[in-house]
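Asks: Can you keep this structure in mind? I'll have questions shortly.
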Amino acid sequence: MKNEKIKTEPVKAKKLRDEDIASPKGMRDILDKEYYAYQGFFEKASEIASYYGFRPIETPILEREAVFTSSLGVGTDIRDKEMYTLKTKGGDHLVMRPEGTAGVMRAYIENGMQALPQPVMLYNYGPYFRHENPQRGRLRELRQFGLEILGTPKSITDALIIRAMTLILDEAGFKNLSVEINSIGDKECRGGFIRELTNYYKKHIAELCPSCKDRIRTNPLRLLDCKDERCQDIKRGAPTPIDSLCNDCRHHFKEVIEYLEGMNIAYRINKNLVRGLDYYTRTVFEIIELDTNLPEGVEAPTPLSLGGGGRYDLLAKSLGSKKDVPAVGGAIGVDRVIMSPVHKPIDPRILKKPKVYFIQLGNEAKLKSFGIIEVLRKARVPIAQSLSKDGLAQQLAIAERSGAPYTIIFGQKEAMDDTVIARNMETRSQETVKLADLPDFVKHLKDELR
Ligand code: HAM
């Protein structure tokens, strides 16, 4: 065979600019204290949810596109403008989940949870993706803690969701919460209301903002959600869902409100609250923190909702279930919690202040260090160390700054004798401990430092 020479072009390295490799817009790294704040919040929220009878669930971050296109509703921003969609090499159309409820309902149906004793109470948390315009409290990768109760229409479960969410927020430092709440009816009364609403808005069509002109056709309920100046007067005169409720919906809403009052949860009926997703029926709510620190006369900025949710009795059928699955839920926007000046961080369980600073000197000691660190870990003594450092003075200085009450020093001599030096950083007293006795000594130390 003729030997063909293959000509290779030298690959030209493209010079990268910082923005070529920066984290994507609206997405960010979470590190150090902030990481622990997220972790502490999720732990506390999961603990409260567990006490109230919720069980964990984790669904995939990617779902088939139909899970959201068939459930969130035409004309909703999340479905029409904000979904990150992708086509796999195999031809599947997938979506980076923009919210959690549709996926949880999909999982409920797919895993045959209808066969379990009802209702099924689930909590979940993790990242969600919305291609929004990043601004205050609005990210493209956001994190939520969600609670869902599936398989019951009872009003007490609407109240339970709100109760659990406000408790979680209270534990995170939010003491002036208010629940904005409304009922948007069910399939019995919604049709009549939508007709009334569209007839009203059609009369004012010339004065409406361009989005509302579209909404009349695509998603009339969202007309009540418009923030555009041009539509405010018209909105004030518009019919509201709560005035068109059928008897069953009215009764259901009245019960939810009675439960909230019974639990002393501050609420305000907001007749224009409709929420941005189509799957809701009856109760819809959002939780805000009222700013009580403003000087008199200063108008508060529109508060960001820390969490929101509602009832979604029709979602299951839009996801292919033969039977309706009445359900209710809500989600807390965890980034908004963490970024709020009101937030009081909760330490996660794994975050422990070091009780011992471990210092090693010389090769022999370095080699044996891992064994000593393991004795401390097994005794559950949190430590700090600087295995990558060599000098005593340098390590002692770091130990001093770490605030650890004890230092264990393991030098050449100790490595030969199978001992360590334990030094009390406050009294400066030190003693030699045999390696064989180290587990007992550490146990004793733990009791002393408790
Ligand atoms: P949502 O109102 O779209 O509801 O989101 C819930 C919370 O997530 C909001 O109240 C807000 O705190 C936070 N959030 C929303 N978008 C962003 C964003 N771009 N950046 C930062 N935080 C954001 C839902 O997602 C429903 N699945 C809740 C639900 C559960 N309904 C029934 N069950």
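Letters A, B, ... go to the chains of the structure tokens in the order shown; residues in each chain start at 1; ligands are counted from 1 in the same order.
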Do you know which residues are at most 10 Å from segment 347-364 of chain A counting only C-alpha atoms, after dropping those on the same chain fewer than 5 positions away, and could you put them as an MDAnalysis selection string?

Replies: chainID A and resid 33 35:44 369 372:373 376 381:392 394:396 398:400 402:416 420:425 442 445:446 449:450

Asks: Around ligand 1, at most 9 Å away and counting only C-alpha atoms and all ligand atoms, which residues are there? Put them as a PyMOL selection string, please.

Replies: chain A and resi 26+78+98-102+128-149+275-277+279-280+284-288+304-312+327-337

Asks: Given only C-alpha atoms as the basis, pick out the residue of A:Lys203, A:Lys227, A:Arg268, A:Lys187 nearest to Thr281 of chain A.

Replies: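 With only C-alpha atoms as the atom set, the closest residue is A:Lys187.
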
Asks: What is the atom CA of Ile57 of chain A to atom CA of Val104 of chain A distance in Å?

Replies: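 A separation of 7.9 Å between them.
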
Asks: From a DSSP calculation on the backbone, collect every residue of segment 133-201 of chain A in alpha helix (DSSP H) and output the set as an NGL selection string.

Replies: :A and (155-171 or 187-201)

Asks: Find, counting only C-alpha atoms, the residue in A:Arg377, A:Ile181, A:Leu150, A:Ser244 that gets nearest to Arg195 of chain A.

Replies: A:Ser244

Asks: Given only C-alpha atoms as the basis, pick out the residue of A:Cys231, A:Leu160, A:Leu169, A:Leu86 nearest to Ile346 of chain A.

Replies: A:Leu169

Asks: Which residues, written as a list in words, have at least one atom at most 9 Å from segment 207-217 of chain A, with only C-alpha atoms counted and residues fewer than 2 positions away on the same chain left out?

Replies: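 Using only C-alpha atoms, the neighbours found are Gly75, Leu197, Thr198, Tyr201, Lys202, His204, Ile205, Asn219, Pro220, Leu221, Arg222, Leu223, Cys226, Asp228, Glu229, Arg230, Cys231 and Ile234 of chain A.
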
Asks: Residues within 9 Å of Pro239 of chain A, please, as a count of residues only. Count only C-alpha atoms; anything in the same chain fewer than 3 positions from it doesn't count.

Replies: 9

Asks: Between atom CA of Met121 of chain A and atom CA of Ser46 of chain A, what is the distance, to one decimal in Å?

Replies: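 So the two atoms, atom CA of Met121 of chain A and atom CA of Ser46 of chain A, lie 12.5 Å apart.
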
Asks: Could you tell me how far atom CA of Ser318 of chain A lies from atom CA of Thr283 of chain A, in Å and to one decimal?

Replies: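 If I compute the distance from atom CA of Ser318 of chain A to atom CA of Thr283 of chain A, I get 18.7 Å.
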
Asks: So which one's closest to Thr76 of chain A, A:Asp158, A:Asp278, A:Glu110, A:Glu258? Using only C-alpha atoms, please.

Replies: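 Under the stated criterion, the closest residue is A:Asp278.
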
Asks: If you run DSSP over the backbone, which residues in segment 10-69 of chain A end up strand (DSSP E or B)? Put them as a ChimeraX atom specification.

Replies: /A:55-56,62-64

Asks: Keeping only all heavy atoms, write the selected residues to a file as a short mmCIF file (atom, residue, chain, number, x, y, z; two decimals), in the first residue's frame.

Replies:
data_model
loop_
_atom_site.label_atom_id
_atom_site.label_comp_id
_atom_site.auth_asym_id
_atom_site.auth_seq_id
_atom_site.Cartn_x
_atom_site.Cartn_y
_atom_site.Cartn_z
N ARG A 55 -42.61 13.31 52.60
CA ARG A 55 -41.49 12.41 52.30
C ARG A 55 -40.72 12.97 51.10
O ARG A 55 -41.31 13.62 50.25
CB ARG A 55 -42.02 11.01 51.94
CG ARG A 55 -42.72 10.31 53.10
CD ARG A 55 -41.70 9.75 54.08
NE ARG A 55 -42.29 9.46 55.37
CZ ARG A 55 -42.25 10.28 56.43
NH1 ARG A 55 -41.66 11.45 56.36
NH2 ARG A 55 -42.80 9.94 57.57
N PRO A 56 -39.42 12.68 51.04
CA PRO A 56 -38.64 13.29 49.94
C PRO A 56 -38.87 12.63 48.58
O PRO A 56 -39.19 11.45 48.51
CB PRO A 56 -37.19 13.05 50.39
CG PRO A 56 -37.25 11.87 51.30
CD PRO A 56 -38.59 11.89 51.96
N LEU A 62 -33.88 17.10 33.81
CA LEU A 62 -34.44 17.16 32.46
C LEU A 62 -35.74 16.36 32.41
O LEU A 62 -35.82 15.29 32.99
CB LEU A 62 -33.46 16.57 31.45
CG LEU A 62 -32.14 17.31 31.24
CD1 LEU A 62 -31.21 16.51 30.35
CD2 LEU A 62 -32.38 18.67 30.61
N GLU A 63 -36.75 16.92 31.75
CA GLU A 63 -38.01 16.19 31.54
C GLU A 63 -38.34 16.27 30.06
O GLU A 63 -37.85 17.16 29.35
CB GLU A 63 -39.16 16.84 32.33
CG GLU A 63 -39.09 16.72 33.83
CD GLU A 63 -39.65 15.41 34.40
OE1 GLU A 63 -40.14 14.56 33.62
OE2 GLU A 63 -39.58 15.24 35.62
N ARG A 64 -39.20 15.39 29.60
CA ARG A 64 -39.67 15.51 28.22
C ARG A 64 -40.45 16.80 28.08
O ARG A 64 -41.18 17.18 29.00
CB ARG A 64 -40.54 14.31 27.85
CG ARG A 64 -39.72 13.07 27.67
CD ARG A 64 -40.57 11.89 27.34
NE ARG A 64 -39.82 10.69 27.66
CZ ARG A 64 -38.91 10.16 26.86
NH1 ARG A 64 -38.65 10.69 25.69
NH2 ARG A 64 -38.26 9.08 27.23
#
